[in-house]
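Data file: final01.pdb. Format and content: PDB, C-alpha atoms and all ligand atoms.
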ATOM      1  CA  MET A   1      98.796  84.413 118.402
ATOM      2  CA  ASP A   2      95.462  85.497 116.955
ATOM      3  CA  ILE A   3      93.972  88.499 118.728
ATOM      4  CA  VAL A   4      90.665  87.716 117.032
ATOM      5  CA  THR A   5      89.912  84.082 116.144
ATOM      6  CA  PRO A   6      90.071  83.229 112.411
ATOM      7  CA  GLU A   7      86.363  82.311 112.526
ATOM      8  CA  ILE A   8      85.387  85.703 113.906
ATOM      9  CA  GLU A   9      87.689  87.499 111.442
ATOM     10  CA  ALA A  10      86.074  85.531 108.607
ATOM     11  CA  TYR A  11      82.617  86.402 109.930
ATOM     12  CA  LEU A  12      83.503  90.111 110.221
ATOM     13  CA  SER A  13      84.763  90.080 106.628
ATOM     14  CA  THR A  14      81.359  88.856 105.446
ATOM     15  CA  LEU A  15      79.869  92.048 106.885
ATOM     16  CA  VAL A  16      82.063  94.329 104.766
ATOM     17  CA  THR A  17      81.366  94.770 101.080
ATOM     18  CA  ARG A  18      84.134  96.285  99.003
ATOM     19  CA  SER A  19      84.668  97.264  95.385
ATOM     20  CA  SER A  20      86.169  94.844  92.875
ATOM     21  CA  LEU A  21      89.242  97.120  92.756
ATOM     22  CA  LEU A  22      89.724  96.778  96.530
ATOM     23  CA  GLU A  23      89.317  92.995  96.134
ATOM     24  CA  ARG A  24      92.021  92.935  93.465
ATOM     25  CA  VAL A  25      94.404  95.184  95.416
ATOM     26  CA  ALA A  26      93.972  92.975  98.509
ATOM     27  CA  ALA A  27      94.697  89.875  96.376
ATOM     28  CA  GLU A  28      97.786  91.578  94.944
ATOM     29  CA  GLY A  29      98.927  92.410  98.481
ATOM     30  CA  ALA A  30      98.561  88.745  99.472
ATOM     31  CA  ARG A  31     100.398  87.599  96.340
ATOM     32  CA  LEU A  32     103.299  89.975  97.040
ATOM     33  CA  ASP A  33     103.250  89.073 100.737
ATOM     34  CA  LEU A  34     102.609  92.671 101.793
ATOM     35  CA  PRO A  35     101.391  93.193 105.374
ATOM     36  CA  ILE A  36      98.247  95.145 104.517
ATOM     37  CA  ILE A  37      95.166  95.743 106.656
ATOM     38  CA  ASP A  38      92.031  93.617 106.284
ATOM     39  CA  SER A  39      88.599  94.772 105.170
ATOM     40  CA  ALA A  40      87.291  95.290 108.738
ATOM     41  CA  VAL A  41      90.109  97.765 109.452
ATOM     42  CA  GLY A  42      89.587  99.302 106.005
ATOM     43  CA  ARG A  43      85.945  99.972 106.808
ATOM     44  CA  LEU A  44      87.003 101.480 110.161
ATOM     45  CA  LEU A  45      89.339 103.878 108.319
ATOM     46  CA  GLU A  46      86.589 104.834 105.900
ATOM     47  CA  THR A  47      84.165 105.339 108.789
ATOM     48  CA  MET A  48      86.596 107.662 110.567
ATOM     49  CA  VAL A  49      87.221 109.727 107.429
ATOM     50  CA  MET A  50      83.466 110.298 107.274
ATOM     51  CA  ALA A  51      82.998 110.804 111.040
ATOM     52  CA  THR A  52      85.658 113.530 111.137
ATOM     53  CA  SER A  53      84.542 115.086 107.814
ATOM     54  CA  ALA A  54      88.205 114.754 106.910
ATOM     55  CA  ARG A  55      89.635 116.758 104.011
ATOM     56  CA  ASN A  56      93.333 116.324 104.741
ATOM     57  CA  VAL A  57      94.639 112.854 105.527
ATOM     58  CA  LEU A  58      98.188 111.595 106.052
ATOM     59  CA  GLU A  59      99.262 107.958 105.919
ATOM     60  CA  ILE A  60     102.602 106.495 106.968
ATOM     61  CA  GLY A  61     103.297 103.228 105.075
ATOM     62  CA  THR A  62     101.510 102.901 101.712
ATOM     63  CA  ALA A  63     102.546  99.419 100.493
ATOM     64  CA  ASN A  64     100.444  98.885  97.317
ATOM     65  CA  GLY A  65      97.827 101.473  98.326
ATOM     66  CA  TYR A  66      95.158  99.203  99.809
ATOM     67  CA  SER A  67      94.525 101.165 103.024
ATOM     68  CA  ALA A  68      95.042 104.421 101.093
ATOM     69  CA  LEU A  69      92.131 103.482  98.804
ATOM     70  CA  TRP A  70      89.886 102.939 101.842
ATOM     71  CA  LEU A  71      90.953 106.340 103.197
ATOM     72  CA  ALA A  72      90.714 108.267  99.924
ATOM     73  CA  GLN A  73      87.498 106.884  98.494
ATOM     74  CA  SER A  74      85.298 108.823 100.933
ATOM     75  CA  LEU A  75      87.183 112.106 100.823
ATOM     76  CA  PRO A  76      85.333 115.032  99.263
ATOM     77  CA  ALA A  77      86.407 116.088  95.751
ATOM     78  CA  ASP A  78      88.734 118.748  97.200
ATOM     79  CA  GLY A  79      90.107 116.374  99.849
ATOM     80  CA  ARG A  80      93.739 115.243  99.885
ATOM     81  CA  LEU A  81      95.534 112.113 101.027
ATOM     82  CA  ILE A  82      99.320 112.100 101.236
ATOM     83  CA  SER A  83     100.851 108.677 101.836
ATOM     84  CA  ILE A  84     104.545 108.060 102.570
ATOM     85  CA  GLU A  85     106.351 104.935 101.342
ATOM     86  CA  LEU A  86     110.035 104.022 101.370
ATOM     87  CA  ASP A  87     109.852 101.460  98.552
ATOM     88  CA  ARG A  88     109.641 103.052  95.093
ATOM     89  CA  SER A  89     108.055 100.062  93.335
ATOM     90  CA  ARG A  90     105.317  99.744  95.988
ATOM     91  CA  ALA A  91     104.655 103.479  95.653
ATOM     92  CA  GLN A  92     104.215 103.043  91.885
ATOM     93  CA  LEU A  93     101.732 100.196  92.395
ATOM     94  CA  ALA A  94      99.745 102.464  94.714
ATOM     95  CA  ARG A  95      99.765 105.330  92.198
ATOM     96  CA  ASP A  96      98.506 102.975  89.478
ATOM     97  CA  HIS A  97      95.651 101.897  91.765
ATOM     98  CA  PHE A  98      94.751 105.513  92.607
ATOM     99  CA  THR A  99      94.498 106.219  88.865
ATOM    100  CA  GLU A 100      92.390 103.111  88.312
ATOM    101  CA  ALA A 101      90.045 104.305  91.073
ATOM    102  CA  GLY A 102      89.859 107.814  89.572
ATOM    103  CA  LEU A 103      91.431 109.155  92.775
ATOM    104  CA  GLU A 104      94.726 110.377  91.309
ATOM    105  CA  ASN A 105      93.819 114.015  92.034
ATOM    106  CA  ARG A 106      93.029 113.254  95.664
ATOM    107  CA  ALA A 107      95.677 110.677  96.615
ATOM    108  CA  SER A 108      99.448 110.943  96.198
ATOM    109  CA  VAL A 109     102.517 109.079  97.420
ATOM    110  CA  MET A 110     105.756 110.626  98.661
ATOM    111  CA  VAL A 111     108.696 108.260  98.315
ATOM    112  CA  GLY A 112     111.221 108.342 101.140
ATOM    113  CA  ASP A 113     111.841 107.740 104.810
ATOM    114  CA  SER A 114     108.845 108.826 106.883
ATOM    115  CA  ALA A 115     111.145 109.858 109.773
ATOM    116  CA  LEU A 116     112.526 112.571 107.486
ATOM    117  CA  LEU A 117     109.511 113.376 105.334
ATOM    118  CA  ILE A 118     107.117 114.094 108.205
ATOM    119  CA  HIS A 119     109.293 117.114 109.021
ATOM    120  CA  LYS A 120     108.985 118.400 105.462
ATOM    121  CA  ILE A 121     105.209 118.373 105.238
ATOM    122  CA  ALA A 122     102.846 120.890 106.766
ATOM    123  CA  GLY A 123      99.614 120.120 108.561
ATOM    124  CA  PRO A 124      97.125 120.333 109.901
ATOM    125  CA  PHE A 125      95.660 116.932 109.072
ATOM    126  CA  ASP A 126      92.186 115.820 110.120
ATOM    127  CA  LEU A 127      93.223 112.187 110.240
ATOM    128  CA  ILE A 128      96.561 110.354 110.265
ATOM    129  CA  PHE A 129      96.940 106.598 109.742
ATOM    130  CA  ASN A 130     100.262 105.332 111.122
ATOM    131  CA  ASP A 131     101.204 101.957 109.597
ATOM    132  CA  GLY A 132     104.874 102.188 108.608
ATOM    133  CA  ASP A 133     108.038 100.790 110.208
ATOM    134  CA  LYS A 134     107.108  99.709 113.744
ATOM    135  CA  ARG A 135     110.575 100.613 115.055
ATOM    136  CA  GLN A 136     109.861 104.231 114.122
ATOM    137  CA  TYR A 137     106.578 104.470 116.032
ATOM    138  CA  PRO A 138     107.980 106.197 119.188
ATOM    139  CA  GLN A 139     110.148 108.667 117.283
ATOM    140  CA  LEU A 140     107.268 109.702 114.988
ATOM    141  CA  LEU A 141     104.657 110.265 117.667
ATOM    142  CA  ASP A 142     105.374 113.825 118.756
ATOM    143  CA  ARG A 143     105.529 115.136 115.186
ATOM    144  CA  LEU A 144     102.368 113.245 114.195
ATOM    145  CA  VAL A 145     100.440 114.785 117.107
ATOM    146  CA  LYS A 146     101.700 118.243 116.095
ATOM    147  CA  LEU A 147     100.544 117.604 112.515
ATOM    148  CA  LEU A 148      97.012 116.758 113.710
ATOM    149  CA  ARG A 149      94.394 119.459 114.055
ATOM    150  CA  PRO A 150      92.787 119.737 117.507
ATOM    151  CA  GLY A 151      89.948 117.194 117.442
ATOM    152  CA  GLY A 152      91.743 115.221 114.713
ATOM    153  CA  VAL A 153      92.303 111.474 114.882
ATOM    154  CA  LEU A 154      95.508 109.433 114.863
ATOM    155  CA  ILE A 155      94.824 105.783 113.986
ATOM    156  CA  THR A 156      97.671 103.317 114.521
ATOM    157  CA  ASP A 157      97.805  99.735 113.266
ATOM    158  CA  ASN A 158      99.453  96.664 114.850
ATOM    159  CA  VAL A 159      99.453  97.990 118.407
ATOM    160  CA  LEU A 160      98.942  94.476 119.839
ATOM    161  CA  TRP A 161     101.613  92.902 117.573
ATOM    162  CA  ASP A 162     100.168  89.377 117.749
ATOM    163  CA  GLY A 163     100.098  89.633 121.549
ATOM    164  CA  GLU A 164     103.881  90.176 121.768
ATOM    165  CA  VAL A 165     103.450  93.492 123.576
ATOM    166  CA  VAL A 166     101.832  91.704 126.528
ATOM    167  CA  PRO A 167     104.725  90.789 128.847
ATOM    168  CA  GLY A 168     105.271  87.010 129.040
ATOM    169  CA  LEU A 169     102.286  86.108 126.861
ATOM    170  CA  VAL A 170     103.830  84.950 123.607
ATOM    171  CA  SER A 171     107.159  85.067 121.820
ATOM    172  CA  LEU A 172     107.015  84.456 118.092
ATOM    173  CA  PRO A 173     110.012  83.133 116.149
ATOM    174  CA  ASN A 174     111.573  85.515 113.603
ATOM    175  CA  ARG A 175     110.221  88.523 115.468
ATOM    176  CA  SER A 176     112.532  91.415 116.213
ATOM    177  CA  THR A 177     112.352  92.355 119.871
ATOM    178  CA  GLU A 178     113.235  95.865 118.715
ATOM    179  CA  GLU A 179     109.840  96.170 117.006
ATOM    180  CA  THR A 180     107.964  94.735 119.985
ATOM    181  CA  LYS A 181     109.702  97.105 122.406
ATOM    182  CA  ALA A 182     109.039 100.084 120.139
ATOM    183  CA  ILE A 183     105.318  99.305 119.909
ATOM    184  CA  ALA A 184     105.063  98.767 123.686
ATOM    185  CA  THR A 185     106.795 102.122 124.283
ATOM    186  CA  TYR A 186     104.525 103.807 121.764
ATOM    187  CA  ASN A 187     101.392 102.354 123.379
ATOM    188  CA  GLN A 188     102.470 103.683 126.794
ATOM    189  CA  ARG A 189     103.006 107.122 125.276
ATOM    190  CA  LEU A 190      99.626 107.053 123.543
ATOM    191  CA  ALA A 191      98.010 106.096 126.840
ATOM    192  CA  THR A 192      99.678 108.865 128.850
ATOM    193  CA  ASP A 193     100.134 111.752 126.392
ATOM    194  CA  ALA A 194      98.173 114.675 127.859
ATOM    195  CA  ARG A 195      97.329 115.921 124.360
ATOM    196  CA  LEU A 196      95.514 112.687 123.441
ATOM    197  CA  VAL A 197      92.612 110.485 124.410
ATOM    198  CA  THR A 198      93.305 106.954 123.157
ATOM    199  CA  SER A 199      91.211 103.851 122.843
ATOM    200  CA  PHE A 200      92.880 100.514 122.023
ATOM    201  CA  LEU A 201      90.674  98.242 119.923
ATOM    202  CA  PRO A 202      91.390  94.494 119.761
ATOM    203  CA  LEU A 203      90.500  94.389 116.069
ATOM    204  CA  ARG A 204      92.720  92.213 113.858
ATOM    205  CA  ASP A 205      96.283  93.008 115.132
ATOM    206  CA  GLY A 206      95.120  95.839 117.402
ATOM    207  CA  VAL A 207      94.162  99.348 116.288
ATOM    208  CA  ALA A 208      94.642 102.440 118.469
ATOM    209  CA  MET A 209      92.333 105.414 117.979
ATOM    210  CA  SER A 210      93.699 108.627 119.473
ATOM    211  CA  ILE A 211      91.889 111.940 119.417
ATOM    212  CA  ARG A 212      93.919 115.100 119.823
ATOM    213  CA  LYS A 213      92.062 116.979 122.540
ATOM    214  CA  PRO A 214      90.427 120.105 121.135
ATOM    215  CA  SER A 215      92.208 122.415 123.584
ATOM    216  CA  ARG A 216      95.759 121.038 123.059
TER     217      ARG A 216
HETATM  218  C1  LIG B   1     102.387  97.545 107.027
HETATM  219  S1  LIG B   1     102.909  98.094 105.464
HETATM  220  C2  LIG B   1     101.696  99.267 105.011
HETATM  221  C3  LIG B   1     100.397  98.629 104.643
HETATM  222  C4  LIG B   1      99.351  99.598 104.144
HETATM  223  N1  LIG B   1      99.110 100.656 105.107
HETATM  224  C5  LIG B   1      98.039  98.870 103.937
HETATM  225  O1  LIG B   1      97.455  98.420 104.933
HETATM  226  O2  LIG B   1      97.601  98.759 102.774
HETATM  227  C6  LIG B   1     104.252  99.125 105.912
HETATM  228  C7  LIG B   1     104.899  99.850 104.743
HETATM  229  O3  LIG B   1     105.815 100.804 105.285
HETATM  230  C8  LIG B   1     106.930 100.900 104.422
HETATM  231  N2  LIG B   1     108.056 101.436 105.187
HETATM  232  C9  LIG B   1     108.958 100.763 105.955
HETATM  233  N3  LIG B   1     109.850 101.599 106.488
HETATM  234  C10 LIG B   1     109.511 102.842 106.065
HETATM  235  C11 LIG B   1     110.068 104.138 106.266
HETATM  236  N4  LIG B   1     111.145 104.298 107.030
HETATM  237  N5  LIG B   1     109.457 105.182 105.677
HETATM  238  C12 LIG B   1     108.351 105.022 104.889
HETATM  239  N6  LIG B   1     107.790 103.805 104.655
HETATM  240  C13 LIG B   1     108.365 102.743 105.233
HETATM  241  C14 LIG B   1     107.146  99.471 103.944
HETATM  242  O4  LIG B   1     107.852  99.453 102.718
HETATM  243  C15 LIG B   1     105.714  98.943 103.830
HETATM  244  O5  LIG B   1     105.240  99.015 102.507
END
Go ahead and express the file in the form of structure tokens.
Amino acid sequence: MDIVTPEIEAYLSTLVTRSSLLERVAAEGARLDLPIIDSAVGRLLETMVMATSARNVLEIGTANGYSALWLAQSLPADGRLISIELDRSRAQLARDHFTEAGLENRASVMVGDSALLIHKIAGPFDLIFNDGDKRQYPQLLDRLVKLLRPGGVLITDNVLWDGEVVPGLVSLPNRSTEETKAIATYNQRLATDARLVTSFLPLRDGVAMSIRKPSR
């Protein structure tokens, strides 16, 4: 089920200009059948990097580096993006794209399981983009909040999961109920976690924006 109609998504994409490199990386993602964000979500990520004056950014789920390019391109020269990816060949594609963009000193990929690696990295991060394995969403949340600086932003993709998280609305074939349940659990936690203020945006497949309260 489309959260946003294809016509409106197409219209929104006409309002976002992107570099020829981003165009090519998006086309590569489509060719390789990678589930990457669209340009409207990319512009949202870029906007939030600027709004938070982010210097330290963490991403879970790199794929070929498309969303990472949106995040890294507006970081200051001494800013850092660390992105975590399980698949070595996808990580290499992303690294090649960072080099092509001249961002290789700002953006890096750690290869491995995010459930393990997030306990090996130190924060604080100004912004975290969570877009990895949906089944891991609930187990990652507490650590991700701890890695955020007070006032920092956690952005999570696919929180509406094609409408599957709405009880009784739609049931797509070839969808693991495990993923749907994990996202629904995660959304409830985002909504009720006393450390966070969360807004759920019905953009593309649903994007949650959570601010870690300054005092928590
Ligand atoms: C939705 S894609 C990321 C798309 C990317 N953020 C973008 O929009 O350009 C999710 C990625 O997470 C990776 N992934 C899956 N399980 C993972 C795990 N346990 N640890 C780290 N990465 C994982 C997948 O290989 C896949 O490339």
Radius query 10 Å about (88.8, 111.2, 103.7), atoms used: only C-alpha atoms, as a PyMOL selection string
chain A and resi 45-58+68-81+106-107+126-127
Go through chain A residue by residue and, counting all atoms listed in the file, keep those with an atom at most 9 Å from ligand LIG 1 (chain B); for each kept residue give the shortest atom pair and its distance in Å to one decimal, ordered by chain and increasing number, as JSON lines.
{"residue": "A:Val25", "atom": "CA", "partner": "B:LIG1", "partner_atom": "O2", "distance": 8.8}
{"residue": "A:Ala26", "atom": "CA", "partner": "B:LIG1", "partner_atom": "O2", "distance": 8.1}
{"residue": "A:Gly29", "atom": "CA", "partner": "B:LIG1", "partner_atom": "O2", "distance": 7.8}
{"residue": "A:Leu34", "atom": "CA", "partner": "B:LIG1", "partner_atom": "S1", "distance": 6.6}
{"residue": "A:Pro35", "atom": "CA", "partner": "B:LIG1", "partner_atom": "C1", "distance": 4.8}
{"residue": "A:Ile36", "atom": "CA", "partner": "B:LIG1", "partner_atom": "O1", "distance": 3.4}
{"residue": "A:Ile37", "atom": "CA", "partner": "B:LIG1", "partner_atom": "O1", "distance": 3.9}
{"residue": "A:Asp38", "atom": "CA", "partner": "B:LIG1", "partner_atom": "O1", "distance": 7.4}
{"residue": "A:Val41", "atom": "CA", "partner": "B:LIG1", "partner_atom": "O1", "distance": 8.6}
{"residue": "A:Gly42", "atom": "CA", "partner": "B:LIG1", "partner_atom": "O1", "distance": 8.0}
{"residue": "A:Glu59", "atom": "CA", "partner": "B:LIG1", "partner_atom": "N1", "distance": 7.3}
{"residue": "A:Ile60", "atom": "CA", "partner": "B:LIG1", "partner_atom": "N6", "distance": 6.3}
{"residue": "A:Gly61", "atom": "CA", "partner": "B:LIG1", "partner_atom": "O3", "distance": 3.5}
{"residue": "A:Thr62", "atom": "CA", "partner": "B:LIG1", "partner_atom": "C4", "distance": 4.6}
{"residue": "A:Ala63", "atom": "CA", "partner": "B:LIG1", "partner_atom": "O5", "distance": 3.4}
{"residue": "A:Asn64", "atom": "CA", "partner": "B:LIG1", "partner_atom": "O2", "distance": 6.2}
{"residue": "A:Gly65", "atom": "CA", "partner": "B:LIG1", "partner_atom": "O2", "distance": 5.2}
{"residue": "A:Tyr66", "atom": "CA", "partner": "B:LIG1", "partner_atom": "O2", "distance": 3.9}
{"residue": "A:Ser67", "atom": "CA", "partner": "B:LIG1", "partner_atom": "O2", "distance": 3.9}
{"residue": "A:Ala68", "atom": "CA", "partner": "B:LIG1", "partner_atom": "O2", "distance": 6.4}
{"residue": "A:Leu69", "atom": "CA", "partner": "B:LIG1", "partner_atom": "O2", "distance": 8.2}
{"residue": "A:Trp70", "atom": "CA", "partner": "B:LIG1", "partner_atom": "O2", "distance": 8.8}
{"residue": "A:Ser83", "atom": "CA", "partner": "B:LIG1", "partner_atom": "N1", "distance": 8.8}
{"residue": "A:Ile84", "atom": "CA", "partner": "B:LIG1", "partner_atom": "C12", "distance": 5.4}
{"residue": "A:Glu85", "atom": "CA", "partner": "B:LIG1", "partner_atom": "N6", "distance": 3.8}
{"residue": "A:Leu86", "atom": "CA", "partner": "B:LIG1", "partner_atom": "N6", "distance": 4.0}
{"residue": "A:Asp87", "atom": "CA", "partner": "B:LIG1", "partner_atom": "O4", "distance": 5.0}
{"residue": "A:Arg88", "atom": "CA", "partner": "B:LIG1", "partner_atom": "O4", "distance": 8.6}
{"residue": "A:Arg90", "atom": "CA", "partner": "B:LIG1", "partner_atom": "O5", "distance": 6.6}
{"residue": "A:Ala91", "atom": "CA", "partner": "B:LIG1", "partner_atom": "O5", "distance": 8.2}
{"residue": "A:Met110", "atom": "CA", "partner": "B:LIG1", "partner_atom": "C12", "distance": 8.8}
{"residue": "A:Val111", "atom": "CA", "partner": "B:LIG1", "partner_atom": "C12", "distance": 7.3}
{"residue": "A:Gly112", "atom": "CA", "partner": "B:LIG1", "partner_atom": "C12", "distance": 5.8}
{"residue": "A:Asp113", "atom": "CA", "partner": "B:LIG1", "partner_atom": "N5", "distance": 3.6}
{"residue": "A:Ser114", "atom": "CA", "partner": "B:LIG1", "partner_atom": "N5", "distance": 3.9}
{"residue": "A:Ala115", "atom": "CA", "partner": "B:LIG1", "partner_atom": "N4", "distance": 6.2}
{"residue": "A:Leu116", "atom": "CA", "partner": "B:LIG1", "partner_atom": "N5", "distance": 8.2}
{"residue": "A:Leu117", "atom": "CA", "partner": "B:LIG1", "partner_atom": "N5", "distance": 8.2}
{"residue": "A:Phe129", "atom": "CA", "partner": "B:LIG1", "partner_atom": "N1", "distance": 7.8}
{"residue": "A:Asn130", "atom": "CA", "partner": "B:LIG1", "partner_atom": "N1", "distance": 7.7}
{"residue": "A:Asp131", "atom": "CA", "partner": "B:LIG1", "partner_atom": "N1", "distance": 5.1}
{"residue": "A:Gly132", "atom": "CA", "partner": "B:LIG1", "partner_atom": "O3", "distance": 3.7}
{"residue": "A:Asp133", "atom": "CA", "partner": "B:LIG1", "partner_atom": "N3", "distance": 4.2}
{"residue": "A:Lys134", "atom": "CA", "partner": "B:LIG1", "partner_atom": "N3", "distance": 8.0}
{"residue": "A:Arg135", "atom": "CA", "partner": "B:LIG1", "partner_atom": "N3", "distance": 8.7}
{"residue": "A:Gln136", "atom": "CA", "partner": "B:LIG1", "partner_atom": "N4", "distance": 7.2}
{"residue": "A:Asp157", "atom": "CA", "partner": "B:LIG1", "partner_atom": "C1", "distance": 8.0}
{"residue": "A:Asn158", "atom": "CA", "partner": "B:LIG1", "partner_atom": "C1", "distance": 8.4}
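Rounded to one decimal, CA of Asp162 (chain A) and CA of Tyr137 (chain A) lie 16.5 Å from each other.
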Using the chain letters and numbers from this file, what does the PyMOL selection byres (((chain A and resi 1) around 10) and not hetatm) select? Give the answer as a compact mmCIF listing (two decimals) with C-alpha atoms, in the coordinates of the input.
# COMPACT_ATOMS: atom_id res chain seq x y z
CA ASP A 2 95.46 85.50 116.96
CA ILE A 3 93.97 88.50 118.73
CA VAL A 4 90.66 87.72 117.03
CA THR A 5 89.91 84.08 116.14
CA TRP A 161 101.61 92.90 117.57
CA ASP A 162 100.17 89.38 117.75
CA GLY A 163 100.10 89.63 121.55
CA GLU A 164 103.88 90.18 121.77
CA LEU A 169 102.29 86.11 126.86
CA VAL A 170 103.83 84.95 123.61
CA SER A 171 107.16 85.07 121.82
CA LEU A 172 107.02 84.46 118.09
CA ASP A 205 96.28 93.01 115.13
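Note that CA of Asp33 (chain A) and CA of Pro202 (chain A) are 23.1 Å apart.
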Spatial neighbours of Ala40 (chain A), 9 Å, all atoms listed in the file, chain gap at least 5 places, as a PDB file with C-alpha atoms, in the coordinates of the input:
ATOM      1  CA  GLU A   9      87.689  87.499 111.442  1.00  0.00           C
ATOM      2  CA  LEU A  12      83.503  90.111 110.221  1.00  0.00           C
ATOM      3  CA  SER A  13      84.763  90.080 106.628  1.00  0.00           C
ATOM      4  CA  LEU A  15      79.869  92.048 106.885  1.00  0.00           C
ATOM      5  CA  VAL A  16      82.063  94.329 104.766  1.00  0.00           C
ATOM      6  CA  LEU A  45      89.339 103.878 108.319  1.00  0.00           C
ATOM      7  CA  LEU A 203      90.500  94.389 116.069  1.00  0.00           C
ATOM      8  CA  ARG A 204      92.720  92.213 113.858  1.00  0.00           C
TER       9      ARG A 204
END
One residue among A:Leu190, A:His119, A:Tyr11, A:Ile82 is nearest to Glu104 (chain A) when using only C-alpha atoms, and that residue is A:Ile82
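Take CA of Arg195 (chain A) and CA of Ile121 (chain A): the distance between them is 20.8 Å.
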